[in-house]
$ cat my_file.csv   # CSV, C-alpha atoms
chain,number,residue,atom,x,y,z
A,1,MET,CA,67.0,184.4,116.9
A,2,TYR,CA,69.1,181.5,115.9
A,3,ARG,CA,66.9,178.9,114.2
A,4,GLY,CA,69.6,176.3,113.5
A,5,ARG,CA,71.0,174.9,110.4
A,6,GLU,CA,70.7,171.4,108.8
A,7,GLY,CA,72.9,169.6,111.4
A,8,GLN,CA,70.9,171.0,114.3
A,9,TRP,CA,67.5,170.1,112.8
A,10,ALA,CA,68.8,166.7,111.9
A,11,PHE,CA,69.8,166.2,115.6
A,12,VAL,CA,66.5,167.6,117.0
A,13,LEU,CA,64.4,165.3,114.7
A,14,HIS,CA,66.7,162.3,115.5
A,15,ARG,CA,66.4,162.9,119.3
A,16,MET,CA,62.6,163.4,119.2
A,17,SER,CA,61.9,160.4,116.9
A,18,GLY,CA,64.3,158.3,119.0
A,19,VAL,CA,62.6,159.1,122.3
A,20,ALA,CA,59.2,158.6,120.8
A,21,LEU,CA,60.2,155.3,119.2
A,22,ALA,CA,61.8,154.0,122.4
A,23,LEU,CA,58.6,154.8,124.4
A,24,PHE,CA,56.5,153.2,121.6
A,25,LEU,CA,58.8,150.1,121.7
A,26,LEU,CA,58.2,149.6,125.5
A,27,LEU,CA,54.4,149.9,125.0
A,28,HIS,CA,54.5,147.7,121.9
A,29,VAL,CA,56.3,144.8,123.6
A,30,ILE,CA,53.9,145.0,126.6
A,31,ASP,CA,50.7,144.9,124.4
A,32,ILE,CA,52.0,142.1,122.1
A,33,SER,CA,53.0,140.1,125.1
A,34,LEU,CA,49.3,139.9,126.0
A,35,VAL,CA,49.1,137.0,123.6
A,36,MET,CA,50.4,134.9,126.5
A,37,TRP,CA,46.9,135.0,128.0
A,38,GLY,CA,45.6,133.1,125.0
A,39,PRO,CA,42.8,133.5,122.4
A,40,ASP,CA,40.2,134.2,125.2
A,41,GLY,CA,42.5,136.6,127.0
A,42,PRO,CA,42.6,140.4,126.7
A,43,PHE,CA,44.6,140.5,123.5
A,44,ASN,CA,41.9,140.7,120.9
A,45,ALA,CA,39.9,143.4,122.8
A,46,PHE,CA,43.1,145.4,123.2
A,47,LEU,CA,44.0,145.1,119.6
A,48,ALA,CA,40.5,146.1,118.6
A,49,PHE,CA,41.0,149.2,120.7
A,50,TYR,CA,44.2,150.0,118.8
A,51,HIS,CA,42.5,149.5,115.4
A,52,GLN,CA,40.5,152.7,115.9
A,53,TRP,CA,41.6,155.3,113.4
A,54,PRO,CA,43.5,157.7,115.6
A,55,PHE,CA,45.8,154.9,116.7
A,56,ARG,CA,46.2,153.7,113.1
A,57,VAL,CA,47.2,157.3,112.1
A,58,GLY,CA,49.6,157.2,115.0
A,59,LEU,CA,51.1,154.0,113.6
A,60,VAL,CA,51.7,155.8,110.3
A,61,VAL,CA,53.6,158.5,112.3
A,62,VAL,CA,55.6,155.8,114.1
A,63,ILE,CA,56.5,154.3,110.7
A,64,ALA,CA,57.6,157.8,109.5
A,65,GLY,CA,59.7,158.1,112.6
A,66,VAL,CA,61.3,154.7,112.1
A,67,VAL,CA,62.2,155.6,108.5
A,68,TYR,CA,63.6,159.0,109.4
A,69,HIS,CA,65.6,157.7,112.4
A,70,ALA,CA,67.0,154.8,110.4
A,71,LEU,CA,68.1,156.9,107.4
A,72,ASN,CA,69.5,159.7,109.6
A,73,GLY,CA,71.3,157.0,111.6
A,74,LEU,CA,73.0,155.8,108.5
A,75,ARG,CA,74.0,159.5,107.8
A,76,ILE,CA,75.5,159.6,111.3
A,77,ILE,CA,77.4,156.4,110.6
A,78,MET,CA,78.7,158.0,107.4
A,79,MET,CA,79.8,161.1,109.3
A,80,ASP,CA,81.6,159.0,112.0
A,81,PHE,CA,83.3,156.4,109.9
A,82,THR,CA,84.1,158.0,106.5
A,83,THR,CA,86.5,160.8,105.6
A,84,TRP,CA,83.8,162.7,103.6
A,85,GLY,CA,80.7,162.2,105.8
A,86,VAL,CA,81.0,165.4,107.8
A,87,LYS,CA,81.8,167.5,104.7
A,88,TYR,CA,78.6,166.3,103.0
A,89,GLN,CA,76.4,166.1,106.1
A,90,ALA,CA,73.9,168.8,105.0
A,91,PRO,CA,73.2,167.4,101.5
A,92,LEU,CA,73.1,164.0,103.1
A,93,TRP,CA,70.4,165.3,105.4
A,94,TYR,CA,68.3,166.5,102.5
A,95,GLY,CA,68.8,163.1,101.0
A,96,VAL,CA,67.4,161.6,104.2
A,97,LEU,CA,64.4,163.9,104.1
A,98,GLY,CA,63.9,163.1,100.4
A,99,LEU,CA,64.2,159.3,100.8
A,100,THR,CA,61.9,159.4,103.8
A,101,THR,CA,59.3,161.2,101.7
A,102,LEU,CA,59.9,158.8,98.8
A,103,ILE,CA,59.4,155.7,101.1
A,104,GLY,CA,56.4,157.4,102.6
A,105,ILE,CA,54.4,157.4,99.3
A,106,PRO,CA,53.9,153.7,98.9
A,107,VAL,CA,53.3,153.3,102.6
A,108,LEU,CA,50.6,155.9,102.6
A,109,TRP,CA,49.2,154.4,99.4
A,110,LYS,CA,48.9,151.1,101.1
A,111,ILE,CA,47.7,152.2,104.6
A,112,VAL,CA,45.5,155.2,104.1
A,113,PRO,CA,42.8,153.3,102.2
A,114,GLU,CA,42.9,150.7,105.0
A,115,ILE,CA,42.2,153.4,107.6
A,116,LEU,CA,39.4,154.9,105.4
A,117,GLY,CA,37.9,151.4,105.1
A,118,ILE,CA,38.0,151.4,101.3
A,119,ALA,CA,40.9,148.9,100.9
B,1,MET,CA,78.3,166.9,134.8
B,2,ALA,CA,77.6,168.8,131.6
B,3,ARG,CA,78.2,166.7,128.5
B,4,ALA,CA,80.8,168.2,126.1
B,5,ALA,CA,80.0,168.5,122.4
B,6,ALA,CA,79.1,165.1,121.0
B,7,PRO,CA,82.1,163.4,119.5
B,8,ARG,CA,82.1,163.4,115.7
B,9,THR,CA,84.5,160.6,114.8
B,10,PHE,CA,85.7,157.3,116.4
B,11,ARG,CA,88.9,159.1,117.4
B,12,ASP,CA,87.0,162.0,119.0
B,13,ALA,CA,84.9,159.4,120.9
B,14,GLN,CA,88.1,157.7,122.1
B,15,ALA,CA,89.4,161.1,123.3
B,16,THR,CA,86.1,162.3,124.8
B,17,TYR,CA,85.1,159.3,126.8
B,18,ARG,CA,87.4,158.6,129.7
B,19,THR,CA,85.9,155.1,130.3
B,20,ASN,CA,85.8,152.3,127.8
B,21,GLY,CA,82.2,151.7,128.8
B,22,GLU,CA,81.0,154.9,127.2
B,23,LEU,CA,83.1,154.2,124.1
B,24,ALA,CA,81.6,150.7,123.9
B,25,TRP,CA,78.1,152.2,124.0
B,26,TRP,CA,79.1,154.8,121.3
B,27,VAL,CA,80.2,151.9,119.1
B,28,PHE,CA,77.2,149.8,120.0
B,29,MET,CA,74.7,152.5,119.0
B,30,ARG,CA,76.3,152.6,115.5
B,31,VAL,CA,76.6,148.8,115.1
B,32,SER,CA,73.1,148.0,116.5
B,33,GLY,CA,71.6,151.0,114.6
B,34,PHE,CA,73.0,149.6,111.3
B,35,LEU,CA,71.5,146.2,112.1
B,36,LEU,CA,68.2,147.7,113.3
B,37,VAL,CA,67.7,149.4,109.9
B,38,PHE,CA,67.2,146.0,108.3
B,39,LEU,CA,65.5,144.4,111.3
B,40,THR,CA,62.9,147.1,111.7
B,41,PHE,CA,62.3,147.6,108.0
B,42,GLY,CA,61.7,143.8,107.6
B,43,HIS,CA,59.4,143.9,110.7
B,44,LEU,CA,57.4,146.8,109.3
B,45,TRP,CA,57.2,145.2,105.8
B,46,ALA,CA,55.8,141.9,107.2
B,47,ASN,CA,53.2,143.5,109.5
B,48,ASN,CA,52.2,146.8,107.8
B,49,MET,CA,52.9,146.3,104.1
B,50,ALA,CA,52.4,142.6,103.4
B,51,PHE,CA,49.5,142.6,105.8
B,52,ASN,CA,46.7,145.0,106.9
B,53,ALA,CA,47.9,146.1,110.3
B,54,GLY,CA,44.3,146.9,111.1
B,55,GLN,CA,43.4,143.2,111.0
B,56,ILE,CA,46.1,142.0,113.3
B,57,ASP,CA,44.5,139.8,116.0
B,58,PHE,CA,45.4,136.8,118.2
B,59,ASP,CA,45.3,134.3,115.2
B,60,TYR,CA,47.7,136.4,113.2
B,61,VAL,CA,50.2,136.9,116.0
B,62,ALA,CA,50.0,133.2,117.1
B,63,SER,CA,50.6,132.0,113.6
B,64,ARG,CA,53.6,134.2,113.3
B,65,LEU,CA,55.1,133.3,116.7
B,66,ALA,CA,54.6,129.6,115.9
B,67,GLN,CA,57.4,129.9,113.3
B,68,PRO,CA,60.9,129.4,114.8
B,69,SER,CA,62.4,131.9,112.2
B,70,VAL,CA,60.0,134.6,113.5
B,71,LYS,CA,60.9,133.8,117.1
B,72,VAL,CA,64.6,134.1,116.3
B,73,TYR,CA,64.2,137.2,114.2
B,74,ASP,CA,62.0,138.9,116.8
B,75,SER,CA,64.4,138.0,119.6
B,76,PHE,CA,67.2,139.8,117.9
B,77,LEU,CA,64.9,142.7,117.2
B,78,LEU,CA,63.8,142.8,120.8
B,79,LEU,CA,67.3,142.7,122.2
B,80,PHE,CA,68.9,145.3,119.8
B,81,ALA,CA,65.9,147.6,119.8
B,82,LEU,CA,65.6,147.6,123.6
B,83,LEU,CA,69.3,148.1,124.3
B,84,HIS,CA,69.5,150.8,121.6
B,85,GLY,CA,66.3,152.6,122.7
B,86,VAL,CA,67.0,152.4,126.4
B,87,ASN,CA,70.6,153.7,125.9
B,88,GLY,CA,69.2,156.5,123.8
B,89,LEU,CA,66.7,157.4,126.6
B,90,ARG,CA,69.6,157.3,129.0
B,91,TYR,CA,71.5,159.9,126.9
B,92,SER,CA,68.3,162.0,126.9
B,93,ILE,CA,68.0,161.8,130.7
B,94,GLU,CA,71.7,162.8,131.1
B,95,ASP,CA,71.2,165.7,128.7
B,96,TYR,CA,68.0,167.1,130.1
B,97,ILE,CA,67.7,166.1,133.8
B,98,GLN,CA,70.2,168.2,135.7
B,99,ARG,CA,69.6,167.5,139.4
B,100,PRO,CA,71.5,164.4,140.5
B,101,GLN,CA,68.7,162.9,142.6
B,102,ARG,CA,66.2,163.2,139.8
B,103,ARG,CA,68.6,161.9,137.3
B,104,VAL,CA,69.3,158.7,139.3
B,105,ALA,CA,65.5,158.3,140.0
B,106,ALA,CA,64.8,158.6,136.2
B,107,LYS,CA,67.5,156.1,135.4
B,108,VAL,CA,66.3,153.6,138.0
B,109,ALA,CA,62.7,153.9,136.8
B,110,LEU,CA,63.9,153.5,133.1
B,111,PHE,CA,66.1,150.4,133.8
B,112,THR,CA,63.4,148.8,135.9
B,113,VAL,CA,60.7,149.2,133.2
B,114,ALA,CA,63.1,148.1,130.5
B,115,GLY,CA,64.0,145.0,132.5
B,116,ILE,CA,60.3,144.1,133.0
B,117,VAL,CA,59.6,144.7,129.3
B,118,PHE,CA,62.5,142.5,128.2
B,119,VAL,CA,61.3,139.6,130.4
B,120,LEU,CA,57.8,140.0,129.1
B,121,GLY,CA,59.0,140.1,125.5
B,122,VAL,CA,61.2,137.0,125.9
B,123,MET,CA,58.3,135.2,127.6
B,124,ALA,CA,55.9,136.1,124.8
B,125,LEU,CA,58.4,134.9,122.2
B,126,TRP,CA,59.6,131.7,123.8
B,127,THR,CA,57.1,130.4,126.3
B,128,PHE,CA,54.3,130.5,123.7
B,129,SER,CA,53.8,126.8,122.7
B,130,PHE,CA,51.5,125.3,120.1
B,131,SER,CA,49.4,123.6,122.7
B,132,GLU,CA,48.5,127.0,124.3
B,133,MET,CA,47.5,128.7,121.1
B,134,GLY,CA,44.1,127.3,121.0
B,135,ASP,CA,41.8,126.1,118.2
B,136,ALA,CA,42.5,129.1,116.1
B,137,VAL,CA,46.1,128.2,115.3
B,138,ARG,CA,45.4,124.5,114.8
B,139,ALA,CA,42.7,125.5,112.3
B,140,LEU,CA,45.2,127.7,110.5
B,141,ASN,CA,47.7,124.8,110.2
B,142,GLU,CA,45.2,122.3,108.8
$ encode --input "my_file.csv" --output "structure tokens"
Amino acid sequence: MYRGREGQWAFVLHRMSGVALALFLLLHVIDISLVMWGPDGPFNAFLAFYHQWPFRVGLVVVIAGVVYHALNGLRIIMMDFTTWGVKYQAPLWYGVLGLTTLIGIPVLWKIVPEILGIA
Amino acid sequence: MARAAAPRTFRDAQATYRTNGELAWWVFMRVSGFLLVFLTFGHLWANNMAFNAGQIDFDYVASRLAQPSVKVYDSFLLLFALLHGVNGLRYSIEDYIQRPQRRVAAKVALFTVAGIVFVLGVMALWTFSFSEMGDAVRALNE
């Protein structure tokens, strides 16, 4: 069974994160637009619902998706517009994964205690 | 129509796409993607790192949207992210939905939802005046 190499996994993750982020964006704009109904409207109740821990963990996943999609997007731009990008696409992808992990550390450091209620 | 292998370079894209429309979208995805790296990272920094996202409420959003700079920033974010995201979903529909009728139906549904969401977003950003923000925001600005 062919399990793919770096380029294919980069594509699969880019496609999955992209679709998820686009759907999140549609939902996100709709829920933030509830501010139009004012301080006594549905906004605060809706946000309180989203502040439950499963949604906050979900938000961390969204952030991870944004960081991966952004960095891999820069890799795609390098592949498309430089003479060396395609040649180094595999090491660049490992760079994307490494940098995503590296950025994830301070993000988790900041947000996990908030979710656990010890921040 | 099955999509050929994705073009790898600008010259490939020019050769692959018969219409200038698809070429323009190909370029747009890269240009908007580059801008969105900075726009989304700034957005995430402001609302998740510089602030506890678990405490976001009406007061917080109202105080942000009261600032013209945030309105302008979020407007660019809304425009580029929606166009980039909806075009990406369109690529996915064209890749995975084979039957023409279903493909058209999926696209119509997508563009309808996206249009409504865009209008909602613009309204939330630009029709939201100080007088409507209530006592909470006035208290914040005292």
$ closest_residue --input "my_file.csv" --among "A:Trp9, A:Trp37, A:Tyr94, A:Tyr88" --to "chain B" --atoms "all atoms listed in the file"
A:Trp37
$ closest_residue --input "my_file.csv" --among "A:Val112, A:Ala10, A:Val66, A:Leu26" --to "Phe38 of chain B" --atoms "all atoms listed in the file"
A:Val66
$ closest_residue --input "my_file.csv" --among "B:His84, B:Ala124, B:Gln67, B:Ile93" --to "Ala105 of chain B" --atoms "all atoms listed in the file"
B:Ile93
$ interface_residues --input "my_file.csv" --of "chain B" --to "chain A" --cutoff "9 Å" --atoms "only C-alpha atoms" --output "ChimeraX atom specification"
/B:7-10,30-31,33-34,36-37,40-41,44,48-49,52-59,61-62,78,81-82,84-86,88-89,92,113-114,117-118,120-125,127-128,132-136
$ closest_residue --input "my_file.csv" --among "B:Ile116, B:Asn87, B:Val70, B:Tyr60" --to "Ala24 of chain B" --atoms "only C-alpha atoms"
B:Asn87
$ closest_residue --input "my_file.csv" --among "B:Val72, B:Arg90, B:Arg64, B:Asp95" --to "Ala6 of chain B" --atoms "all atoms listed in the file"
B:Asp95
$ atom_distance --input "my_file.csv" --atom1 "atom CA of Val27 of chain B" --atom2 "atom CA of Ala64 of chain A"
25.3 Å
$ atom_distance --input "my_file.csv" --atom1 "atom CA of Thr112 of chain B" --atom2 "atom CA of Ser69 of chain B"
29.1 Å
$ atom_distance --input "my_file.csv" --atom1 "atom CA of Leu35 of chain B" --atom2 "atom CA of Arg75 of chain A"
14.2 Å
$ closest_residue --input "my_file.csv" --among "A:Pro113, A:Phe49, A:Leu13, A:Trp84" --to "Leu97 of chain A" --atoms "all atoms listed in the file"
A:Leu13
$ decode --input "my_file.csv" --residues "segment 68-101 of chain B" --atoms "N, CA, C and O atoms" --output "PDB file, in the first residue's frame"
ATOM      1  N   PRO B  68     -11.410  52.407  15.352  1.00  0.00           N
ATOM      2  CA  PRO B  68     -11.386  52.402  13.878  1.00  0.00           C
ATOM      3  C   PRO B  68     -10.302  51.501  13.308  1.00  0.00           C
ATOM      4  O   PRO B  68     -10.520  50.826  12.285  1.00  0.00           O
ATOM      5  N   SER B  69      -9.132  51.431  13.966  1.00  0.00           N
ATOM      6  CA  SER B  69      -8.049  50.596  13.433  1.00  0.00           C
ATOM      7  C   SER B  69      -8.458  49.128  13.412  1.00  0.00           C
ATOM      8  O   SER B  69      -8.133  48.394  12.474  1.00  0.00           O
ATOM      9  N   VAL B  70      -9.177  48.693  14.463  1.00  0.00           N
ATOM     10  CA  VAL B  70      -9.635  47.304  14.505  1.00  0.00           C
ATOM     11  C   VAL B  70     -10.683  47.062  13.417  1.00  0.00           C
ATOM     12  O   VAL B  70     -10.685  46.009  12.763  1.00  0.00           O
ATOM     13  N   LYS B  71     -11.562  48.028  13.216  1.00  0.00           N
ATOM     14  CA  LYS B  71     -12.572  47.888  12.156  1.00  0.00           C
ATOM     15  C   LYS B  71     -11.909  47.683  10.801  1.00  0.00           C
ATOM     16  O   LYS B  71     -12.297  46.805  10.025  1.00  0.00           O
ATOM     17  N   VAL B  72     -10.894  48.510  10.508  1.00  0.00           N
ATOM     18  CA  VAL B  72     -10.216  48.421   9.210  1.00  0.00           C
ATOM     19  C   VAL B  72      -9.451  47.090   9.113  1.00  0.00           C
ATOM     20  O   VAL B  72      -9.555  46.370   8.114  1.00  0.00           O
ATOM     21  N   TYR B  73      -8.706  46.769  10.165  1.00  0.00           N
ATOM     22  CA  TYR B  73      -7.935  45.518  10.208  1.00  0.00           C
ATOM     23  C   TYR B  73      -8.861  44.311   9.988  1.00  0.00           C
ATOM     24  O   TYR B  73      -8.614  43.466   9.124  1.00  0.00           O
ATOM     25  N   ASP B  74      -9.942  44.269  10.781  1.00  0.00           N
ATOM     26  CA  ASP B  74     -10.856  43.125  10.691  1.00  0.00           C
ATOM     27  C   ASP B  74     -11.582  43.077   9.349  1.00  0.00           C
ATOM     28  O   ASP B  74     -11.955  41.998   8.885  1.00  0.00           O
ATOM     29  N   SER B  75     -11.776  44.239   8.720  1.00  0.00           N
ATOM     30  CA  SER B  75     -12.423  44.251   7.403  1.00  0.00           C
ATOM     31  C   SER B  75     -11.543  43.581   6.354  1.00  0.00           C
ATOM     32  O   SER B  75     -12.029  42.795   5.537  1.00  0.00           O
ATOM     33  N   PHE B  76     -10.232  43.907   6.389  1.00  0.00           N
ATOM     34  CA  PHE B  76      -9.310  43.243   5.463  1.00  0.00           C
ATOM     35  C   PHE B  76      -9.248  41.751   5.753  1.00  0.00           C
ATOM     36  O   PHE B  76      -9.228  40.915   4.843  1.00  0.00           O
ATOM     37  N   LEU B  77      -9.218  41.411   7.052  1.00  0.00           N
ATOM     38  CA  LEU B  77      -9.174  40.008   7.446  1.00  0.00           C
ATOM     39  C   LEU B  77     -10.411  39.275   6.933  1.00  0.00           C
ATOM     40  O   LEU B  77     -10.321  38.191   6.348  1.00  0.00           O
ATOM     41  N   LEU B  78     -11.577  39.889   7.138  1.00  0.00           N
ATOM     42  CA  LEU B  78     -12.843  39.289   6.697  1.00  0.00           C
ATOM     43  C   LEU B  78     -12.844  39.070   5.193  1.00  0.00           C
ATOM     44  O   LEU B  78     -13.148  37.974   4.703  1.00  0.00           O
ATOM     45  N   LEU B  79     -12.464  40.111   4.440  1.00  0.00           N
ATOM     46  CA  LEU B  79     -12.508  40.038   2.981  1.00  0.00           C
ATOM     47  C   LEU B  79     -11.556  38.970   2.450  1.00  0.00           C
ATOM     48  O   LEU B  79     -11.957  38.077   1.688  1.00  0.00           O
ATOM     49  N   PHE B  80     -10.281  39.050   2.856  1.00  0.00           N
ATOM     50  CA  PHE B  80      -9.291  38.115   2.326  1.00  0.00           C
ATOM     51  C   PHE B  80      -9.558  36.691   2.803  1.00  0.00           C
ATOM     52  O   PHE B  80      -9.443  35.735   2.025  1.00  0.00           O
ATOM     53  N   ALA B  81      -9.898  36.528   4.086  1.00  0.00           N
ATOM     54  CA  ALA B  81     -10.111  35.184   4.616  1.00  0.00           C
ATOM     55  C   ALA B  81     -11.327  34.529   3.960  1.00  0.00           C
ATOM     56  O   ALA B  81     -11.292  33.350   3.611  1.00  0.00           O
ATOM     57  N   LEU B  82     -12.397  35.302   3.776  1.00  0.00           N
ATOM     58  CA  LEU B  82     -13.593  34.722   3.150  1.00  0.00           C
ATOM     59  C   LEU B  82     -13.322  34.334   1.700  1.00  0.00           C
ATOM     60  O   LEU B  82     -13.669  33.233   1.262  1.00  0.00           O
ATOM     61  N   LEU B  83     -12.697  35.248   0.926  1.00  0.00           N
ATOM     62  CA  LEU B  83     -12.425  34.932  -0.480  1.00  0.00           C
ATOM     63  C   LEU B  83     -11.479  33.730  -0.583  1.00  0.00           C
ATOM     64  O   LEU B  83     -11.706  32.814  -1.384  1.00  0.00           O
ATOM     65  N   HIS B  84     -10.416  33.738   0.246  1.00  0.00           N
ATOM     66  CA  HIS B  84      -9.443  32.647   0.236  1.00  0.00           C
ATOM     67  C   HIS B  84     -10.102  31.331   0.666  1.00  0.00           C
ATOM     68  O   HIS B  84      -9.918  30.292   0.029  1.00  0.00           O
ATOM     69  N   GLY B  85     -10.894  31.376   1.729  1.00  0.00           N
ATOM     70  CA  GLY B  85     -11.527  30.174   2.264  1.00  0.00           C
ATOM     71  C   GLY B  85     -12.601  29.628   1.345  1.00  0.00           C
ATOM     72  O   GLY B  85     -12.677  28.410   1.113  1.00  0.00           O
ATOM     73  N   VAL B  86     -13.433  30.513   0.805  1.00  0.00           N
ATOM     74  CA  VAL B  86     -14.518  30.049  -0.067  1.00  0.00           C
ATOM     75  C   VAL B  86     -13.955  29.513  -1.374  1.00  0.00           C
ATOM     76  O   VAL B  86     -14.418  28.493  -1.901  1.00  0.00           O
ATOM     77  N   ASN B  87     -12.903  30.166  -1.891  1.00  0.00           N
ATOM     78  CA  ASN B  87     -12.295  29.632  -3.110  1.00  0.00           C
ATOM     79  C   ASN B  87     -11.646  28.272  -2.847  1.00  0.00           C
ATOM     80  O   ASN B  87     -11.704  27.376  -3.695  1.00  0.00           O
ATOM     81  N   GLY B  88     -11.066  28.116  -1.650  1.00  0.00           N
ATOM     82  CA  GLY B  88     -10.496  26.816  -1.282  1.00  0.00           C
ATOM     83  C   GLY B  88     -11.574  25.745  -1.187  1.00  0.00           C
ATOM     84  O   GLY B  88     -11.375  24.606  -1.621  1.00  0.00           O
ATOM     85  N   LEU B  89     -12.730  26.109  -0.612  1.00  0.00           N
ATOM     86  CA  LEU B  89     -13.835  25.148  -0.546  1.00  0.00           C
ATOM     87  C   LEU B  89     -14.338  24.817  -1.954  1.00  0.00           C
ATOM     88  O   LEU B  89     -14.704  23.680  -2.238  1.00  0.00           O
ATOM     89  N   ARG B  90     -14.317  25.821  -2.840  1.00  0.00           N
ATOM     90  CA  ARG B  90     -14.722  25.578  -4.233  1.00  0.00           C
ATOM     91  C   ARG B  90     -13.773  24.564  -4.889  1.00  0.00           C
ATOM     92  O   ARG B  90     -14.221  23.621  -5.558  1.00  0.00           O
ATOM     93  N   TYR B  91     -12.464  24.703  -4.662  1.00  0.00           N
ATOM     94  CA  TYR B  91     -11.508  23.721  -5.183  1.00  0.00           C
ATOM     95  C   TYR B  91     -11.867  22.321  -4.676  1.00  0.00           C
ATOM     96  O   TYR B  91     -11.819  21.339  -5.419  1.00  0.00           O
ATOM     97  N   SER B  92     -12.205  22.253  -3.358  1.00  0.00           N
ATOM     98  CA  SER B  92     -12.509  20.944  -2.766  1.00  0.00           C
ATOM     99  C   SER B  92     -13.775  20.358  -3.373  1.00  0.00           C
ATOM    100  O   SER B  92     -13.829  19.148  -3.657  1.00  0.00           O
ATOM    101  N   ILE B  93     -14.789  21.203  -3.565  1.00  0.00           N
ATOM    102  CA  ILE B  93     -16.027  20.718  -4.197  1.00  0.00           C
ATOM    103  C   ILE B  93     -15.716  20.174  -5.578  1.00  0.00           C
ATOM    104  O   ILE B  93     -16.159  19.087  -5.962  1.00  0.00           O
ATOM    105  N   GLU B  94     -14.901  20.909  -6.342  1.00  0.00           N
ATOM    106  CA  GLU B  94     -14.588  20.465  -7.704  1.00  0.00           C
ATOM    107  C   GLU B  94     -13.728  19.200  -7.701  1.00  0.00           C
ATOM    108  O   GLU B  94     -13.780  18.405  -8.644  1.00  0.00           O
ATOM    109  N   ASP B  95     -12.957  19.003  -6.643  1.00  0.00           N
ATOM    110  CA  ASP B  95     -12.129  17.800  -6.572  1.00  0.00           C
ATOM    111  C   ASP B  95     -12.920  16.559  -6.165  1.00  0.00           C
ATOM    112  O   ASP B  95     -12.628  15.464  -6.616  1.00  0.00           O
ATOM    113  N   TYR B  96     -13.897  16.724  -5.260  1.00  0.00           N
ATOM    114  CA  TYR B  96     -14.507  15.543  -4.642  1.00  0.00           C
ATOM    115  C   TYR B  96     -15.947  15.287  -5.051  1.00  0.00           C
ATOM    116  O   TYR B  96     -16.454  14.194  -4.823  1.00  0.00           O
ATOM    117  N   ILE B  97     -16.650  16.291  -5.562  1.00  0.00           N
ATOM    118  CA  ILE B  97     -18.038  16.055  -5.978  1.00  0.00           C
ATOM    119  C   ILE B  97     -18.057  15.906  -7.491  1.00  0.00           C
ATOM    120  O   ILE B  97     -17.785  16.850  -8.228  1.00  0.00           O
ATOM    121  N   GLN B  98     -18.359  14.686  -7.941  1.00  0.00           N
ATOM    122  CA  GLN B  98     -18.219  14.366  -9.360  1.00  0.00           C
ATOM    123  C   GLN B  98     -19.468  14.706 -10.165  1.00  0.00           C
ATOM    124  O   GLN B  98     -19.368  15.200 -11.279  1.00  0.00           O
ATOM    125  N   ARG B  99     -20.649  14.403  -9.577  1.00  0.00           N
ATOM    126  CA  ARG B  99     -21.875  14.553 -10.374  1.00  0.00           C
ATOM    127  C   ARG B  99     -22.194  16.032 -10.577  1.00  0.00           C
ATOM    128  O   ARG B  99     -22.269  16.794  -9.608  1.00  0.00           O
ATOM    129  N   PRO B 100     -22.393  16.445 -11.850  1.00  0.00           N
ATOM    130  CA  PRO B 100     -22.557  17.864 -12.176  1.00  0.00           C
ATOM    131  C   PRO B 100     -23.661  18.550 -11.368  1.00  0.00           C
ATOM    132  O   PRO B 100     -23.469  19.656 -10.884  1.00  0.00           O
ATOM    133  N   GLN B 101     -24.807  17.859 -11.198  1.00  0.00           N
ATOM    134  CA  GLN B 101     -25.918  18.501 -10.495  1.00  0.00           C
ATOM    135  C   GLN B 101     -25.572  18.769  -9.034  1.00  0.00           C
ATOM    136  O   GLN B 101     -25.846  19.834  -8.505  1.00  0.00           O
TER     137      GLN B 101
END
